[in-house]
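S.K.: This is the content of run-v5.pdb (PDB, C-alpha atoms, pLDDT in the B column):
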```pdb
ATOM      1  CA  MET A   1     -97.074-129.467  90.713  1.00 53.00           C
ATOM      2  CA  VAL A   2     -93.946-127.494  89.777  1.00 51.00           C
ATOM      3  CA  ALA A   3     -94.995-127.549  86.088  1.00 52.00           C
ATOM      4  CA  LYS A   4     -98.422-126.156  87.048  1.00 50.00           C
ATOM      5  CA  LYS A   5     -96.803-123.397  89.099  1.00 48.00           C
ATOM      6  CA  ASN A   6     -94.470-122.473  86.181  1.00 49.00           C
ATOM      7  CA  ALA A   7     -97.437-122.408  83.793  1.00 48.00           C
ATOM      8  CA  LEU A   8     -99.301-120.084  86.157  1.00 48.00           C
ATOM      9  CA  THR A   9     -96.213-117.892  86.512  1.00 48.00           C
ATOM     10  CA  ARG A  10     -95.813-117.719  82.708  1.00 51.00           C
ATOM     11  CA  LYS A  11     -99.482-116.917  82.299  1.00 49.00           C
ATOM     12  CA  SER A  12     -99.393-114.094  84.803  1.00 53.00           C
ATOM     13  CA  ALA A  13     -96.244-112.694  83.176  1.00 51.00           C
ATOM     14  CA  SER A  14     -97.928-112.642  79.758  1.00 52.00           C
ATOM     15  CA  GLU A  15    -100.987-110.991  81.303  1.00 52.00           C
ATOM     16  CA  LYS A  16     -98.703-108.337  82.787  1.00 50.00           C
ATOM     17  CA  ASP A  17     -97.145-107.763  79.345  1.00 52.00           C
ATOM     18  CA  ARG A  18    -100.599-107.301  77.799  1.00 49.00           C
ATOM     19  CA  ALA A  19    -101.580-104.901  80.564  1.00 47.00           C
ATOM     20  CA  LYS A  20     -98.401-102.865  79.995  1.00 48.00           C
ATOM     21  CA  LYS A  21     -99.131-102.635  76.261  1.00 50.00           C
ATOM     22  CA  GLN A  22    -102.659-101.368  76.928  1.00 49.00           C
ATOM     23  CA  VAL A  23    -101.527 -98.438  79.077  1.00 52.00           C
ATOM     24  CA  GLY A  24    -102.414 -95.163  77.319  1.00 58.00           C
ATOM     25  CA  MET A  25    -104.604 -94.664  74.275  1.00 63.00           C
ATOM     26  CA  SER A  26    -105.168 -97.104  71.474  1.00 71.00           C
ATOM     27  CA  GLU A  27    -104.414 -96.060  67.896  1.00 74.00           C
ATOM     28  CA  ASP A  28    -108.130 -95.531  67.251  1.00 75.00           C
ATOM     29  CA  GLU A  29    -108.421 -93.269  70.297  1.00 70.00           C
ATOM     30  CA  LEU A  30    -105.383 -91.277  69.169  1.00 69.00           C
ATOM     31  CA  ASP A  31    -106.872 -90.887  65.671  1.00 71.00           C
ATOM     32  CA  GLU A  32    -110.133 -89.644  67.200  1.00 72.00           C
ATOM     33  CA  GLN A  33    -108.276 -87.091  69.322  1.00 69.00           C
ATOM     34  CA  LEU A  34    -106.327 -85.862  66.273  1.00 71.00           C
ATOM     35  CA  ASP A  35    -109.564 -85.475  64.302  1.00 70.00           C
ATOM     36  CA  VAL A  36    -111.034 -83.346  67.113  1.00 66.00           C
ATOM     37  CA  ILE A  37    -107.907 -81.162  67.186  1.00 70.00           C
ATOM     38  CA  GLU A  38    -107.893 -80.746  63.397  1.00 65.00           C
ATOM     39  CA  ARG A  39    -111.583 -79.757  63.369  1.00 64.00           C
ATOM     40  CA  GLY A  40    -110.925 -77.200  66.108  1.00 61.00           C
ATOM     41  CA  VAL A  41    -107.923 -75.772  64.291  1.00 56.00           C
ATOM     42  CA  GLY A  42    -109.967 -75.519  61.097  1.00 54.00           C
ATOM     43  CA  GLU A  43    -112.592 -73.509  62.966  1.00 52.00           C
ATOM     44  CA  LEU A  44    -109.884 -71.196  64.340  1.00 50.00           C
ATOM     45  CA  SER A  45    -108.639 -70.399  60.852  1.00 48.00           C
ATOM     46  CA  GLY A  46    -111.688 -68.152  60.432  1.00 49.00           C
ATOM     47  CA  GLY A  47    -112.267 -68.969  56.780  1.00 49.00           C
ATOM     48  CA  VAL A  48    -109.751 -66.443  55.418  1.00 46.00           C
ATOM     49  CA  GLU A  49    -109.287 -67.660  51.888  1.00 63.00           C
ATOM     50  CA  SER A  50    -107.025 -65.247  50.038  1.00 81.00           C
ATOM     51  CA  VAL A  51    -103.644 -64.055  51.225  1.00 88.00           C
ATOM     52  CA  GLU A  52    -102.119 -60.851  49.905  1.00 91.00           C
ATOM     53  CA  VAL A  53     -98.559 -61.712  48.833  1.00 91.00           C
ATOM     54  CA  LYS A  54     -95.926 -59.052  48.083  1.00 94.00           C
ATOM     55  CA  ALA A  55     -92.735 -60.760  46.952  1.00 91.00           C
ATOM     56  CA  SER A  56     -89.400 -59.096  46.174  1.00 93.00           C
ATOM     57  CA  LYS A  57     -88.044 -62.431  44.885  1.00 94.00           C
ATOM     58  CA  PRO A  58     -89.388 -65.959  44.292  1.00 93.00           C
ATOM     59  CA  ILE A  59     -90.309 -67.800  47.479  1.00 92.00           C
ATOM     60  CA  THR A  60     -87.902 -70.583  46.514  1.00 91.00           C
ATOM     61  CA  GLU A  61     -84.992 -68.156  46.981  1.00 94.00           C
ATOM     62  CA  LEU A  62     -85.788 -67.328  50.616  1.00 95.00           C
ATOM     63  CA  LYS A  63     -82.972 -68.390  52.933  1.00 95.00           C
ATOM     64  CA  LYS A  64     -81.744 -68.099  56.512  1.00 96.00           C
ATOM     65  CA  GLY A  65     -81.544 -64.492  57.667  1.00 95.00           C
ATOM     66  CA  ASP A  66     -84.126 -63.080  55.224  1.00 96.00           C
ATOM     67  CA  ILE A  67     -86.819 -60.864  56.739  1.00 96.00           C
ATOM     68  CA  MET A  68     -90.556 -61.391  56.190  1.00 96.00           C
ATOM     69  CA  VAL A  69     -93.585 -59.460  57.405  1.00 96.00           C
ATOM     70  CA  ILE A  70     -96.686 -61.520  58.211  1.00 95.00           C
ATOM     71  CA  ASP A  71     -99.775 -59.491  59.151  1.00 94.00           C
ATOM     72  CA  GLY A  72     -97.525 -56.645  60.333  1.00 93.00           C
ATOM     73  CA  MET A  73     -95.265 -58.921  62.411  1.00 95.00           C
ATOM     74  CA  GLN A  74     -91.620 -58.942  61.355  1.00 96.00           C
ATOM     75  CA  VAL A  75     -90.033 -62.406  61.400  1.00 97.00           C
ATOM     76  CA  GLU A  76     -86.687 -63.829  60.329  1.00 97.00           C
ATOM     77  CA  VAL A  77     -86.197 -66.944  58.223  1.00 97.00           C
ATOM     78  CA  ASP A  78     -84.418 -69.716  60.119  1.00 96.00           C
ATOM     79  CA  SER A  79     -84.569 -72.485  57.484  1.00 96.00           C
ATOM     80  CA  HIS A  80     -86.254 -73.447  54.211  1.00 96.00           C
ATOM     81  CA  TYR A  81     -86.575 -77.122  53.309  1.00 95.00           C
ATOM     82  CA  VAL A  82     -88.631 -79.892  51.718  1.00 95.00           C
ATOM     83  CA  LEU A  83     -91.136 -81.116  54.303  1.00 93.00           C
ATOM     84  CA  ILE A  84     -92.573 -83.966  52.187  1.00 93.00           C
ATOM     85  CA  ASP A  85     -91.672 -85.025  48.659  1.00 93.00           C
ATOM     86  CA  HIS A  86     -94.878 -86.242  47.019  1.00 92.00           C
ATOM     87  CA  GLY A  87     -93.175 -87.159  43.745  1.00 90.00           C
ATOM     88  CA  SER A  88     -94.856 -84.764  41.324  1.00 92.00           C
ATOM     89  CA  THR A  89     -94.841 -81.928  43.878  1.00 92.00           C
ATOM     90  CA  LYS A  90     -92.992 -81.025  47.062  1.00 94.00           C
ATOM     91  CA  GLU A  91     -94.496 -79.723  50.277  1.00 95.00           C
ATOM     92  CA  MET A  92     -92.116 -77.036  51.471  1.00 96.00           C
ATOM     93  CA  ALA A  93     -91.638 -75.494  54.923  1.00 96.00           C
ATOM     94  CA  ILE A  94     -90.080 -72.187  55.882  1.00 96.00           C
ATOM     95  CA  GLU A  95     -89.329 -71.948  59.577  1.00 97.00           C
ATOM     96  CA  VAL A  96     -89.340 -68.392  60.875  1.00 97.00           C
ATOM     97  CA  PHE A  97     -89.089 -66.760  64.297  1.00 96.00           C
ATOM     98  CA  ASN A  98     -89.933 -63.429  65.847  1.00 95.00           C
ATOM     99  CA  PRO A  99     -86.677 -62.139  67.403  1.00 93.00           C
ATOM    100  CA  LYS A 100     -88.611 -59.801  69.750  1.00 93.00           C
ATOM    101  CA  THR A 101     -90.816 -62.494  71.302  1.00 92.00           C
ATOM    102  CA  ASP A 102     -88.685 -65.569  70.469  1.00 90.00           C
ATOM    103  CA  ARG A 103     -91.799 -67.342  69.113  1.00 94.00           C
ATOM    104  CA  ASP A 104     -91.453 -69.909  66.323  1.00 96.00           C
ATOM    105  CA  TYR A 105     -93.656 -70.121  63.239  1.00 97.00           C
ATOM    106  CA  GLN A 106     -93.785 -72.110  60.027  1.00 97.00           C
ATOM    107  CA  LEU A 107     -95.009 -71.341  56.523  1.00 96.00           C
ATOM    108  CA  ARG A 108     -96.000 -74.314  54.407  1.00 96.00           C
ATOM    109  CA  TYR A 109     -96.729 -74.457  50.705  1.00 94.00           C
ATOM    110  CA  PHE A 110     -96.651 -76.761  47.687  1.00 95.00           C
ATOM    111  CA  ASP A 111     -93.970 -75.743  45.213  1.00 91.00           C
ATOM    112  CA  ASP A 112     -96.253 -76.036  42.178  1.00 90.00           C
ATOM    113  CA  GLN A 113     -99.070 -73.845  43.634  1.00 89.00           C
ATOM    114  CA  THR A 114     -97.381 -71.480  46.053  1.00 87.00           C
ATOM    115  CA  ASP A 115     -99.935 -68.664  46.382  1.00 84.00           C
ATOM    116  CA  ALA A 116    -102.970 -70.968  46.567  1.00 87.00           C
ATOM    117  CA  THR A 117    -101.473 -73.305  49.190  1.00 91.00           C
ATOM    118  CA  LEU A 118     -99.566 -70.923  51.497  1.00 93.00           C
ATOM    119  CA  GLU A 119    -100.442 -71.665  55.152  1.00 94.00           C
ATOM    120  CA  PHE A 120     -99.140 -70.151  58.402  1.00 96.00           C
ATOM    121  CA  TYR A 121     -98.567 -72.131  61.617  1.00 96.00           C
ATOM    122  CA  GLU A 122     -97.474 -71.169  65.134  1.00 95.00           C
ATOM    123  CA  LEU A 123     -95.522 -73.535  67.384  1.00 94.00           C
ATOM    124  CA  GLN A 124     -97.537 -74.257  70.542  1.00 91.00           C
ATOM    125  CA  GLU A 125     -95.690 -76.531  72.975  1.00 86.00           C
ATOM    126  CA  ILE A 126     -94.814 -79.400  70.612  1.00 89.00           C
ATOM    127  CA  MET A 127     -97.332 -78.939  67.774  1.00 93.00           C
ATOM    128  CA  TYR A 128     -97.693 -76.405  65.000  1.00 93.00           C
ATOM    129  CA  LEU A 129    -101.227 -74.992  64.994  1.00 94.00           C
ATOM    130  CA  LYS A 130    -102.656 -73.272  61.932  1.00 94.00           C
ATOM    131  CA  ARG A 131    -103.233 -69.522  62.248  1.00 93.00           C
ATOM    132  CA  PRO A 132    -105.095 -67.184  59.935  1.00 93.00           C
ATOM    133  CA  MET A 133    -102.948 -64.998  57.703  1.00 93.00           C
ATOM    134  CA  ARG A 134    -104.099 -62.033  55.618  1.00 93.00           C
ATOM    135  CA  SER A 135    -100.877 -60.630  54.203  1.00 94.00           C
ATOM    136  CA  ILE A 136     -97.263 -61.617  53.771  1.00 95.00           C
ATOM    137  CA  SER A 137     -94.280 -59.865  52.236  1.00 95.00           C
ATOM    138  CA  TRP A 138     -90.587 -60.444  51.778  1.00 94.00           C
TER     139      TRP A 138
END
```
Can I see the file as structure tokens?

M.R.:
Amino acid sequence: MVAKKNALTRKSASEKDRAKKQVGMSEDELDEQLDVIERGVGELSGGVESVEVKASKPITELKKGDIMVIDGMQVEVDSHYVLIDHGSTKEMAIEVFNPKTDRDYQLRYFDDQTDATLEFYELQEIMYLKRPMRSISW
């Protein structure tokens, strides 16, 4: 009788563990939600394909304290680093902020195709969301 009771207790404990693990979204549900967000962000980008770039020096030389102008908005470089090293190319990130509004932004590009891959993101809560960009200068 005691052994049966212990077996039932163990079973209910394992059921509780399974129930705890199932709280929240599954990985598939999270992937679906991310796909929806990415599609929405793609639609927000407005299809702007070419960005006018006016550079006073190579983008690789930008460092903390440098000033950039993105679509008429003046921002200051906070950091410049390798976001992801893909082996043959590196995905770079330049974190910038607007000192007037204290908003954070990020420029991303691949070091082997800078002009063609330059993308602009704005920090919203905890995620960077892609924004359209027409011109940039530094």

S.K.: Kindly extract all protein, DNA and RNA residues lying within 6 Å of the coordinates (-98.7, -74.6, 54.0) given in the file, considering only C-alpha atoms, and supply them as a list in words.

M.R.: Leu107, Arg108, Tyr109, Thr117, Leu118 and Glu119 of chain A

S.K.: Using atom CA of A:Asp112 and atom CA of A:Leu34 as the two end points, give the distance in Å to one decimal.

M.R.: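 Taking atom CA of A:Asp112 and atom CA of A:Leu34, their separation equals 27.9 Å.
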
S.K.: I'd like to know which of A:Ala93, A:Ala116, A:Ile136, A:Leu123 is closest to A:Val75, using only C-alpha atoms.

M.R.: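 Selected residue with least distance to A:Val75: A:Ile136.
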
S.K.: Could you give me, as a list in words, the residues within 10 Å of A:Asp85, counting only C-alpha atoms and dropping anything in the same chain fewer than 6 positions from it?

M.R.: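 Returned residues: Glu91, Met92 and Phe110 of chain A.
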
S.K.: Which residues are close to stretch 99-105 of chain A, i.e. within 10 Å by all atoms listed in the file, leaving aside same-chain residues fewer than 6 positions away? Reply as a list in words.

M.R.: Met73, Gln74, Val75, Glu76, Val77, Asp78, Phe120, Tyr121, Glu122, Leu123, Gln124, Tyr128, Leu129, Lys130 and Arg131 of chain A

S.K.: Rounded to one decimal place, report the atom CA of A:Ser137-atom CA of A:Pro58 distance in Å.

M.R.: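 Separation of atom CA of A:Ser137 and atom CA of A:Pro58: 11.1 Å.
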
S.K.: Rounded to one decimal in Å, what is the spacing between atom CA of A:Glu61 and atom CA of A:Thr89?

M.R.: 17.2 Å

S.K.: Which residues, named as in the file, does the PyMOL selection byres ((chain A and resi 66) around 8) pick out? Answer as a list in words.

M.R.: Leu62, Lys63, Lys64, Gly65, Ile67, Met68, Glu76, Val77 and Trp138 of chain A
